[in-house]
Amino acid sequence: GFAYAKMMVEGHKMNIVYYDMYQNTALESYFDNYSKFLAANGEDPITVTRAESIEDLLKVSDVVSLHTLLDESTKHLINAERLNVMKKDAVLVNAARGPIVDEVALVAHLKAHPTFKAGLDVFEDEPLMKPGLSECENAVIVPHIASASMYTRGAMAALAACNVATRLQGFPVISQLKDVNPFISTDAPLPALSPSIVNSKELALPTSP
């Protein structure tokens, strides 16, 4: 979400309204400083505001982009009631997880409000779509391709190979991967660590800081 917000501000000079259970001081500090930079260079400053509720955010936003995990508390986070809170010409972007949006309600809302728009690269019953979604001219629909670059897919393959090679040698699993470069670089020997085994705890694999 932070990276997306930076793109919207730095590329389009949008004001930011965000909702989070906890105040994001790093985000607010970044945009406060960026706003001062704009003002110092003769441009209009931007604002960053933490909404008190999801409804408060939906009421005032021109573009709503979803960047939340999926669990029971976020399933159908955007439902018919909340869609009706949004501006009639708002844009809803879901690049998180499909079931966060009630897709049946979204189809009905798109049909009832031609000026409302949606951008989706995830679907509730992926890879299938709810009936009528593909016929909505005010919806932009693409495959889930956020990672589809040569660099990213190559790095993913390299990390998978590293996991296999290092486990065969009995190396421990790194407890928190902060930098993938040592594992995908050809300029230095491979670290004696497994970079990314998500179920290492369940497998009781040894870990290293």
# chains A, B, ... in the order shown; residues from 1 in each chain; ligands from 1
call {"tool": "residues_around", "arguments": {"residues": "segment 61-77 of chain A", "least_positions_apart": "4", "cutoff": "6 Å", "atoms": "only C-alpha atoms", "output": "VMD selection string"}}
result
chain A and resid 1 90 to 94 96 99 to 102
call {"tool": "write_last_selection", "arguments": {"atoms": "C-alpha atoms", "output": "tab-separated table (two decimals), in the first residue's frame"}}
result
chain	number	residue	atom	x	y	z
A	1	GLY	CA	0.00	0.00	0.00
A	90	ALA	CA	-15.05	6.64	-8.06
A	91	VAL	CA	-12.49	4.07	-9.16
A	92	LEU	CA	-12.06	0.85	-7.17
A	93	VAL	CA	-8.78	-1.04	-7.61
A	94	ASN	CA	-8.31	-4.52	-6.16
A	96	ALA	CA	-4.88	-7.73	-3.22
A	99	PRO	CA	-12.69	-12.35	-2.02
A	100	ILE	CA	-12.01	-8.97	-0.38
A	101	VAL	CA	-14.62	-7.65	-2.82
A	102	ASP	CA	-18.14	-9.09	-3.05
call {"tool": "select_by_dssp", "arguments": {"residues": "segment 90-158 of chain A", "states": "helix (DSSP H, G or I)", "output": "list in words"}}
result
Gly98, Pro99, Ile100, Glu103, Val104, Ala105, Leu106, Val107, Ala108, His109, Leu110, Lys111, Ala112, Leu133, Ser134, Glu135, Met150, Tyr151, Thr152, Arg153, Gly154, Ala155, Met156, Ala157 and Ala158 of chain A
call {"tool": "write_last_selection", "arguments": {"atoms": "C-alpha atoms", "output": "JSON list (two decimals), in the first residue's frame"}}
result
[["chain", "number", "residue", "atom", "x", "y", "z"],
["A", 98, "GLY", "CA", -10.31, -11.51, -4.90],
["A", 99, "PRO", "CA", -12.69, -12.35, -2.02],
["A", 100, "ILE", "CA", -12.01, -8.97, -0.38],
["A", 103, "GLU", "CA", -17.96, -9.67, -6.79],
["A", 104, "VAL", "CA", -21.71, -10.17, -7.27],
["A", 105, "ALA", "CA", -22.35, -6.83, -5.56],
["A", 106, "LEU", "CA", -19.63, -5.22, -7.66],
["A", 107, "VAL", "CA", -21.17, -6.41, -10.92],
["A", 108, "ALA", "CA", -24.55, -5.03, -9.88],
["A", 109, "HIS", "CA", -22.95, -1.72, -8.86],
["A", 110, "LEU", "CA", -21.03, -1.39, -12.12],
["A", 111, "LYS", "CA", -24.18, -1.98, -14.12],
["A", 112, "ALA", "CA", -26.22, 0.47, -12.06],
["A", 133, "LEU", "CA", -18.26, -9.05, -14.83],
["A", 134, "SER", "CA", -16.52, -9.57, -18.16],
["A", 135, "GLU", "CA", -19.34, -7.70, -19.94],
["A", 150, "MET", "CA", 11.96, -11.15, -16.28],
["A", 151, "TYR", "CA", 13.87, -9.94, -13.22],
["A", 152, "THR", "CA", 11.21, -10.91, -10.68],
["A", 153, "ARG", "CA", 10.39, -14.31, -12.14],
["A", 154, "GLY", "CA", 14.10, -15.04, -12.54],
["A", 155, "ALA", "CA", 14.73, -14.08, -8.92],
["A", 156, "MET", "CA", 11.83, -16.27, -7.75],
["A", 157, "ALA", "CA", 13.31, -19.24, -9.60],
["A", 158, "ALA", "CA", 16.77, -18.51, -8.18]]
call {"tool": "residues_around", "arguments": {"residues": "segment 35-49 of chain A", "least_positions_apart": "2", "cutoff": "9 Å", "atoms": "only C-alpha atoms", "output": "PyMOL selection string"}}
result
chain A and resi 9+13-19+27-28+30-33+51
call {"tool": "closest_residue", "arguments": {"among": "A:Met129, A:Asn181, A:Ala204, A:Glu10", "to": "Tyr34 of chain A", "atoms": "only C-alpha atoms"}}
result
A:Glu10
call {"tool": "residues_around", "arguments": {"residues": "segment 161-174 of chain A", "least_positions_apart": "4", "cutoff": "10 Å", "atoms": "only C-alpha atoms", "output": "ChimeraX atom specification"}}
result
/A:155-157,178,183-184,190-198,200-201,205-209
call {"tool": "closest_residue", "arguments": {"among": "A:Arg50, A:Val180, A:Lys130, A:Ile145", "to": "Asn24 of chain A", "atoms": "only C-alpha atoms"}}
result
A:Arg50
